[in-house]
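Comments concern the structure below.
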Amino acid sequence: MPEKVVLAYSGGLDTSIIIPWLKENYSYDVIAMVGDVGQGDDIDAVVDKAYKTGASKVVVEDMREEFLTGYVFPTLRAGAVYEHKYLLGTSMARPVIAKHQVEVALREGATAVSHGCTGKGNDQVRFELTYQALAPELKVIAPWREWTLKSREDCLDYAEQHGIQVEASRTKIHSRDRNLWHVSHEGGELEDAGNAPLATTWQITRSPQEAPDREEQVTIGFAKGTPVSVNGMGLDPVQLVELLNEIGARNAIGRTDIVENRFVGMKSRGCYETPGGALLVAAHRELEALCLERDLSHFKQQVALKYAELVYFGLWFTPLREALDAFVEDTQKEITGTVTLSLYKGNVSIVSRQSDFSLYRTELSSFTMGDSYDQKDAAGFIRILGLPARSRALVRAKSQVPKAGVEK
């Protein structure tokens, strides 16, 4: 019996040509694993295509809810955003896909796994670090690091030579990744950082010019840092994100154009559409501002930066990420409440924040004086706080006094 390899299969340009390439260059039976993370594809058509291009078996794994509850929401609770802009849509999806790929490989008795990531990108790291963490005994086949194809045009030539139908074309050359959280766009005109994205590059969000000429308000409810409702309706995770995607997209929310630092060391340029995610990040941040104590809030910002790096770098299955999750979970015990956002032509503003755990006290913050705060206490507080500054000033003053008999 031939050995088996499990390919993370999407039906896109790269993985479509990898099936025949694997059969030409390795004596493996190819099992195509289709991971549904909410990319919106016709799964039946993807399965049919995999069989037509040579797969011996196709396994479909529905990962949508696990993707949100096990990867997206922990990252949301951590407040992790990479380099100020990127909400980590692809970064979070890769470890859950690779995890299921490993599970399929072990279940099917495969000895190898394969992916369609290029040798320049971050995804190869994310997939392979997951393989190593969960099943280091599996062989890894990365065709982009082995074959002689150098570009997407070469891949199109290979597809044509093998009679493989692909959506990508020489005039529609973008590389895209879509899931419940976002859509990413790379390649084409975006390879020149001086070019603006084409209007046709964006796929799911309206432009501000096309958005409604009136504001729309949306109220998001959280329980211990996890989103649970929209406009008072309790929803399961998939329904909630899908609804917020619709609301955000029609109001031109969630477009990001970023030059980012890849883990492998180069800078790359990509455009992302994360309409629902942008709303959730904004609302969660405001609820934390209301409920988190100052020092904890400031320290958590440092944790968020590290958490974002771990996710972006593919270090999901690591003790550090697990330890940070334990810290973040403790910070979220009282992040329960609602935030109402106003959306208008790409802008998000805050209408209200409400929580039973709010640390905001009107009697303290009001300009009206009351019994909760004695202003006289501030004098001693400031004197103590200024003690180091006064001590230094006195030392400096003494060092400038001329000594007896010495002219200054």
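Residues are named by chain letter and number: chains run A, B, ... in the order of the structure tokens, numbers start at 1 in each chain, and ligands are numbered from 1 in the order shown.
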Kindly assemble as a tab-separated table a list of the segment 326-362 of chain A residues that lie within 12 Å of segment 69-73 of chain A, each paired with its nearest atom pair and their distance in Å to one decimal, using only C-alpha atoms, sorted first by chain and then by ascending residue number.
```
residue	atom	partner	partner_atom	distance
A:Val328	CA	A:Phe73	CA	11.3
A:Glu329	CA	A:Phe73	CA	11.0
A:Gln332	CA	A:Phe73	CA	11.7
```
field: Selection: 6 Å around segment 347-360 of chain A, only C-alpha atoms, excl. self and same-chain fewer than 5 positions, as an MDAnalysis selection string
entry: chainID A and resid 290:291 334 337:342
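Once segment 93-99 of chain A and its same-chain neighbours fewer than 6 positions away are set aside, Ala8, Gly35, Val37, Met63, Glu66, Phe67, Tyr71, Asp123, Arg126, Phe127, Glu128, Thr130, Tyr131, Leu134, Asn179, Gly314 and Trp316 of chain A remain within 8 Å of it when counting only C-alpha atoms.
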Requested write-out: N, CA and C atoms of the selected residues, as a PDB file, in the first residue's frame:
```pdb
ATOM      1  N   ALA A   8      -3.522  20.269   3.215  1.00  0.00           N
ATOM      2  CA  ALA A   8      -4.474  21.314   3.587  1.00  0.00           C
ATOM      3  C   ALA A   8      -4.959  21.956   2.294  1.00  0.00           C
ATOM      4  N   GLY A  35     -10.779  22.543   5.209  1.00  0.00           N
ATOM      5  CA  GLY A  35     -11.144  23.127   6.492  1.00  0.00           C
ATOM      6  C   GLY A  35     -12.104  24.281   6.305  1.00  0.00           C
ATOM      7  N   VAL A  37     -13.541  27.327   7.674  1.00  0.00           N
ATOM      8  CA  VAL A  37     -13.432  28.359   8.704  1.00  0.00           C
ATOM      9  C   VAL A  37     -14.283  29.577   8.337  1.00  0.00           C
ATOM     10  N   MET A  63     -14.811  23.833  11.087  1.00  0.00           N
ATOM     11  CA  MET A  63     -14.041  24.408  12.191  1.00  0.00           C
ATOM     12  C   MET A  63     -14.571  25.773  12.619  1.00  0.00           C
ATOM     13  N   GLU A  66     -15.204  26.386  16.460  1.00  0.00           N
ATOM     14  CA  GLU A  66     -13.936  26.208  17.173  1.00  0.00           C
ATOM     15  C   GLU A  66     -12.966  27.340  16.842  1.00  0.00           C
ATOM     16  N   PHE A  67     -12.948  27.758  15.585  1.00  0.00           N
ATOM     17  CA  PHE A  67     -12.092  28.863  15.167  1.00  0.00           C
ATOM     18  C   PHE A  67     -12.398  30.117  15.980  1.00  0.00           C
ATOM     19  N   TYR A  71      -9.843  30.440  19.218  1.00  0.00           N
ATOM     20  CA  TYR A  71      -8.720  31.202  18.678  1.00  0.00           C
ATOM     21  C   TYR A  71      -9.031  32.698  18.563  1.00  0.00           C
ATOM     22  N   ASP A 123       2.785  31.955   6.674  1.00  0.00           N
ATOM     23  CA  ASP A 123       1.920  30.790   6.865  1.00  0.00           C
ATOM     24  C   ASP A 123       2.685  29.481   6.962  1.00  0.00           C
ATOM     25  N   ARG A 126       3.478  29.083  10.511  1.00  0.00           N
ATOM     26  CA  ARG A 126       2.301  28.784  11.336  1.00  0.00           C
ATOM     27  C   ARG A 126       1.870  27.331  11.193  1.00  0.00           C
ATOM     28  N   PHE A 127       1.840  26.840   9.969  1.00  0.00           N
ATOM     29  CA  PHE A 127       1.476  25.445   9.757  1.00  0.00           C
ATOM     30  C   PHE A 127       2.502  24.506  10.383  1.00  0.00           C
ATOM     31  N   GLU A 128       3.760  24.740  10.086  1.00  0.00           N
ATOM     32  CA  GLU A 128       4.766  23.759  10.467  1.00  0.00           C
ATOM     33  C   GLU A 128       5.101  23.777  11.947  1.00  0.00           C
ATOM     34  N   THR A 130       2.844  24.231  14.155  1.00  0.00           N
ATOM     35  CA  THR A 130       1.735  23.439  14.698  1.00  0.00           C
ATOM     36  C   THR A 130       1.989  21.956  14.500  1.00  0.00           C
ATOM     37  N   TYR A 131       2.445  21.567  13.307  1.00  0.00           N
ATOM     38  CA  TYR A 131       2.779  20.162  13.075  1.00  0.00           C
ATOM     39  C   TYR A 131       3.789  19.680  14.109  1.00  0.00           C
ATOM     40  N   LEU A 134       2.311  19.230  17.632  1.00  0.00           N
ATOM     41  CA  LEU A 134       1.263  18.221  17.829  1.00  0.00           C
ATOM     42  C   LEU A 134       1.638  16.833  17.310  1.00  0.00           C
ATOM     43  N   ASN A 179     -11.983  34.052   5.805  1.00  0.00           N
ATOM     44  CA  ASN A 179     -12.611  33.247   6.843  1.00  0.00           C
ATOM     45  C   ASN A 179     -13.676  34.094   7.528  1.00  0.00           C
ATOM     46  N   GLY A 314       2.999  32.434  14.596  1.00  0.00           N
ATOM     47  CA  GLY A 314       2.627  31.028  14.534  1.00  0.00           C
ATOM     48  C   GLY A 314       2.927  30.237  15.787  1.00  0.00           C
ATOM     49  N   TRP A 316       1.217  29.538  18.435  1.00  0.00           N
ATOM     50  CA  TRP A 316      -0.025  29.329  19.192  1.00  0.00           C
ATOM     51  C   TRP A 316       0.130  28.208  20.212  1.00  0.00           C
TER      52      TRP A 316
END
```
All strand (DSSP E) residues (DSSP, backbone) inside segment 264-407 of chain A, as a PyMOL selection string: chain A and resi 267-273+337-344+347-354
field: Closest of A:Ile17, A:Val102, A:Val218, A:Ala304 to Pro143 of chain A - atom-to-atom distances counting only C-alpha atoms
entry: A:Ile17
- prompt: Per DSSP on the backbone, what are the alpha helix (DSSP H) residues of segment 105-140 of chain A, as a ChimeraX atom specification?
  reply: /A:105-108,123-134
Export, as a compact mmCIF listing (two decimals), in the first residue's frame, the selected residues with N, CA and C atoms.
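File written: out.txt
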```txt
# COMPACT_ATOMS: atom_id res chain seq x y z
N ALA A 105 -4.49 13.27 9.65
CA ALA A 105 -3.34 12.45 9.29
C ALA A 105 -3.19 11.27 10.24
N LEU A 106 -3.33 11.51 11.53
CA LEU A 106 -3.19 10.43 12.51
C LEU A 106 -4.34 9.44 12.38
N ARG A 107 -5.53 9.96 12.11
CA ARG A 107 -6.71 9.10 11.98
C ARG A 107 -6.63 8.23 10.73
N GLU A 108 -6.07 8.78 9.65
CA GLU A 108 -6.01 8.07 8.37
C GLU A 108 -4.74 7.25 8.21
N ASP A 123 2.79 31.95 6.67
CA ASP A 123 1.92 30.79 6.87
C ASP A 123 2.68 29.48 6.96
N GLN A 124 3.80 29.37 6.24
CA GLN A 124 4.59 28.14 6.34
C GLN A 124 5.05 27.91 7.78
N VAL A 125 5.38 29.00 8.47
CA VAL A 125 5.81 28.91 9.87
C VAL A 125 4.63 28.47 10.74
N ARG A 126 3.48 29.08 10.51
CA ARG A 126 2.30 28.78 11.34
C ARG A 126 1.87 27.33 11.19
N PHE A 127 1.84 26.84 9.97
CA PHE A 127 1.48 25.45 9.76
C PHE A 127 2.50 24.51 10.38
N GLU A 128 3.76 24.74 10.09
CA GLU A 128 4.77 23.76 10.47
C GLU A 128 5.10 23.78 11.95
N LEU A 129 5.00 24.93 12.61
CA LEU A 129 5.18 24.93 14.06
C LEU A 129 4.05 24.17 14.74
N THR A 130 2.84 24.23 14.15
CA THR A 130 1.73 23.44 14.70
C THR A 130 1.99 21.96 14.50
N TYR A 131 2.45 21.57 13.31
CA TYR A 131 2.78 20.16 13.08
C TYR A 131 3.79 19.68 14.11
N GLN A 132 4.83 20.47 14.33
CA GLN A 132 5.90 20.06 15.23
C GLN A 132 5.41 19.97 16.68
N ALA A 133 4.50 20.84 17.04
CA ALA A 133 3.99 20.82 18.41
C ALA A 133 3.06 19.64 18.67
N LEU A 134 2.31 19.23 17.63
CA LEU A 134 1.26 18.22 17.83
C LEU A 134 1.64 16.83 17.31
```
query: Using only C-alpha atoms, which residue out of A:Glu242, A:Asp29, A:Asp41, A:Asp36 lies closest to Lys57 of chain A?
result: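 Smallest distance to Lys57 of chain A is found for A:Asp29.
Remark: for Ala283 of chain A, the closest of the candidate residues A:Ile43, A:Val34, A:Val230, A:Val238 is A:Val230 (distances computed over only C-alpha atoms).
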A:Glu167, A:Asp44, A:Glu273, A:Asp330 ranked by distance to Trp202 of chain A, top pick (using only C-alpha atoms):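 Answer, going by the shortest atom-to-atom distance: A:Glu273.
Distances here use only C-alpha atoms; by that measure, the residue among A:Ile204, A:Val395, A:Met92, A:Ile335 closest to Leu292 of chain A is A:Ile335.
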- request: Point out the residue among A:Gly234, A:Gly386, A:Gly121, A:Gly276 with the least atom-to-atom distance to Arg250 of chain A, counting only C-alpha atoms.
  value: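 Smallest separation from Arg250 of chain A among the options: A:Gly276.
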- request: Would you kindly return, as a ChimeraX atom specification, each protein, DNA or RNA residue with an atom no farther than 10 Å from any atom of Ala142 of chain A, considering only C-alpha atoms and excluding same-chain residues fewer than 4 positions away?
  value: /A:7,18,113-119,124,128,146-147
Let me see the file: selected residues, all heavy atoms, as an mmCIF file, in the first residue's frame.
```
data_model
loop_
_atom_site.group_PDB
_atom_site.id
_atom_site.type_symbol
_atom_site.label_atom_id
_atom_site.label_comp_id
_atom_site.auth_asym_id
_atom_site.auth_seq_id
_atom_site.Cartn_x
_atom_site.Cartn_y
_atom_site.Cartn_z
ATOM 1 N N LEU A 7 -3.080 16.849 2.606
ATOM 2 C CA LEU A 7 -2.859 18.203 2.107
ATOM 3 C C LEU A 7 -3.938 19.130 2.647
ATOM 4 O O LEU A 7 -5.131 18.826 2.566
ATOM 5 C CB LEU A 7 -2.902 18.210 0.579
ATOM 6 C CG LEU A 7 -2.946 19.582 -0.109
ATOM 7 C CD1 LEU A 7 -1.646 20.346 0.115
ATOM 8 C CD2 LEU A 7 -3.246 19.420 -1.603
ATOM 9 N N ILE A 18 -1.108 21.478 -6.428
ATOM 10 C CA ILE A 18 -0.261 20.648 -5.559
ATOM 11 C C ILE A 18 -0.677 19.183 -5.623
ATOM 12 O O ILE A 18 0.176 18.291 -5.562
ATOM 13 C CB ILE A 18 -0.287 21.179 -4.110
ATOM 14 C CG1 ILE A 18 0.582 22.438 -4.020
ATOM 15 C CG2 ILE A 18 0.226 20.120 -3.126
ATOM 16 C CD1 ILE A 18 0.545 23.108 -2.663
ATOM 17 N N VAL A 113 2.328 15.373 5.892
ATOM 18 C CA VAL A 113 1.361 16.455 5.709
ATOM 19 C C VAL A 113 1.969 17.448 4.725
ATOM 20 O O VAL A 113 3.194 17.541 4.580
ATOM 21 C CB VAL A 113 1.015 17.166 7.040
ATOM 22 C CG1 VAL A 113 0.112 16.312 7.895
ATOM 23 C CG2 VAL A 113 2.281 17.551 7.798
ATOM 24 N N SER A 114 1.098 18.216 4.051
ATOM 25 C CA SER A 114 1.576 19.165 3.055
ATOM 26 C C SER A 114 0.706 20.407 3.076
ATOM 27 O O SER A 114 -0.467 20.364 3.476
ATOM 28 C CB SER A 114 1.539 18.527 1.660
ATOM 29 O OG SER A 114 2.038 19.419 0.683
ATOM 30 N N HIS A 115 1.294 21.526 2.646
ATOM 31 C CA HIS A 115 0.565 22.795 2.596
ATOM 32 C C HIS A 115 0.985 23.567 1.352
ATOM 33 O O HIS A 115 2.002 23.239 0.723
ATOM 34 C CB HIS A 115 0.822 23.626 3.859
ATOM 35 C CG HIS A 115 2.263 23.976 4.079
ATOM 36 N ND1 HIS A 115 2.948 24.909 3.316
ATOM 37 C CD2 HIS A 115 3.185 23.509 4.975
ATOM 38 C CE1 HIS A 115 4.195 25.015 3.728
ATOM 39 N NE2 HIS A 115 4.385 24.170 4.735
ATOM 40 N N GLY A 116 0.242 24.603 1.011
ATOM 41 C CA GLY A 116 0.520 25.392 -0.181
ATOM 42 C C GLY A 116 1.155 26.731 0.100
ATOM 43 O O GLY A 116 1.088 27.642 -0.739
ATOM 44 N N CYS A 117 1.797 26.887 1.248
ATOM 45 C CA CYS A 117 2.395 28.175 1.624
ATOM 46 C C CYS A 117 3.716 28.384 0.880
ATOM 47 O O CYS A 117 4.488 27.447 0.682
ATOM 48 C CB CYS A 117 2.663 28.218 3.122
ATOM 49 S SG CYS A 117 1.262 27.725 4.123
ATOM 50 N N THR A 118 3.972 29.638 0.546
ATOM 51 C CA THR A 118 5.227 29.957 -0.122
ATOM 52 C C THR A 118 6.372 29.974 0.880
ATOM 53 O O THR A 118 6.164 30.047 2.095
ATOM 54 C CB THR A 118 5.164 31.325 -0.819
ATOM 55 O OG1 THR A 118 5.190 32.367 0.168
ATOM 56 C CG2 THR A 118 3.925 31.455 -1.671
ATOM 57 N N GLY A 119 7.591 29.960 0.350
ATOM 58 C CA GLY A 119 8.774 29.990 1.203
ATOM 59 C C GLY A 119 9.110 31.373 1.717
ATOM 60 O O GLY A 119 10.067 31.529 2.486
ATOM 61 N N GLN A 124 3.795 29.365 6.240
ATOM 62 C CA GLN A 124 4.590 28.142 6.344
ATOM 63 C C GLN A 124 5.048 27.913 7.785
ATOM 64 O O GLN A 124 5.070 26.781 8.278
ATOM 65 C CB GLN A 124 5.805 28.227 5.426
ATOM 66 C CG GLN A 124 6.718 29.415 5.722
ATOM 67 C CD GLN A 124 7.933 29.495 4.842
ATOM 68 O OE1 GLN A 124 8.363 28.501 4.264
ATOM 69 N NE2 GLN A 124 8.521 30.681 4.737
ATOM 70 N N GLU A 128 3.760 24.740 10.086
ATOM 71 C CA GLU A 128 4.766 23.759 10.467
ATOM 72 C C GLU A 128 5.101 23.777 11.947
ATOM 73 O O GLU A 128 5.446 22.737 12.521
ATOM 74 C CB GLU A 128 6.011 23.946 9.602
ATOM 75 C CG GLU A 128 5.720 23.622 8.138
ATOM 76 C CD GLU A 128 6.938 23.747 7.236
ATOM 77 O OE1 GLU A 128 8.066 23.489 7.707
ATOM 78 O OE2 GLU A 128 6.754 24.117 6.051
ATOM 79 N N GLU A 146 10.253 23.310 -2.993
ATOM 80 C CA GLU A 146 10.867 22.227 -3.765
ATOM 81 C C GLU A 146 10.734 22.397 -5.269
ATOM 82 O O GLU A 146 11.678 22.127 -6.014
ATOM 83 C CB GLU A 146 10.230 20.880 -3.369
ATOM 84 C CG GLU A 146 10.468 20.471 -1.926
ATOM 85 C CD GLU A 146 9.916 19.088 -1.626
ATOM 86 O OE1 GLU A 146 9.863 18.255 -2.558
ATOM 87 O OE2 GLU A 146 9.523 18.846 -0.470
ATOM 88 N N TRP A 147 9.572 22.823 -5.729
ATOM 89 C CA TRP A 147 9.361 22.845 -7.176
ATOM 90 C C TRP A 147 10.084 24.010 -7.836
ATOM 91 O O TRP A 147 10.626 24.891 -7.183
ATOM 92 C CB TRP A 147 7.879 22.817 -7.531
ATOM 93 C CG TRP A 147 7.022 23.980 -7.031
ATOM 94 C CD1 TRP A 147 7.414 25.250 -6.733
ATOM 95 C CD2 TRP A 147 5.615 23.934 -6.808
ATOM 96 N NE1 TRP A 147 6.348 26.006 -6.351
ATOM 97 C CE2 TRP A 147 5.217 25.233 -6.385
ATOM 98 C CE3 TRP A 147 4.626 22.953 -6.938
ATOM 99 C CZ2 TRP A 147 3.890 25.560 -6.083
ATOM 100 C CZ3 TRP A 147 3.305 23.281 -6.639
ATOM 101 C CH2 TRP A 147 2.950 24.558 -6.218
#
```
- request: Considering only C-alpha atoms, return as an NGL selection string whatever protein or nucleic-acid residues lie within 7 Å of Gly187 of chain A, sequence-local ones (same chain, fewer than 5 positions apart) excluded.
  value: :A and (173-175)
query: What is the distance between atom CA of Gly40 of chain A and atom CA of Tyr9 of chain A, in Å to one decimal?
result: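 Here the two named atoms are 14.5 Å from each other.
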- request: Compile the contact shell of Pro2 of chain A as a ChimeraX atom specification: residues with an atom at most 10 Å away, counting only C-alpha atoms, same-chain residues fewer than 5 positions apart removed.
  value: /A:26-30,110
Could you write those residues out with C-alpha atoms, as an mmCIF file, in the first residue's frame?
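Ended up saving to again.cif:
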```cif
data_model
loop_
_atom_site.group_PDB
_atom_site.id
_atom_site.type_symbol
_atom_site.label_atom_id
_atom_site.label_comp_id
_atom_site.auth_asym_id
_atom_site.auth_seq_id
_atom_site.Cartn_x
_atom_site.Cartn_y
_atom_site.Cartn_z
ATOM 1 C CA TYR A 26 5.894 11.377 -4.619
ATOM 2 C CA SER A 27 4.352 7.933 -4.501
ATOM 3 C CA TYR A 28 1.706 9.000 -1.987
ATOM 4 C CA ASP A 29 -2.043 8.738 -1.936
ATOM 5 C CA VAL A 30 -3.201 12.335 -1.493
ATOM 6 C CA ALA A 110 -0.791 9.130 6.953
#
```
- request: Provide the atom CA of Arg262 of chain A to atom CA of Pro275 of chain A distance in Å, to one decimal place.
  value: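 About the pair atom CA of Arg262 of chain A and atom CA of Pro275 of chain A: they are 23.2 Å apart.
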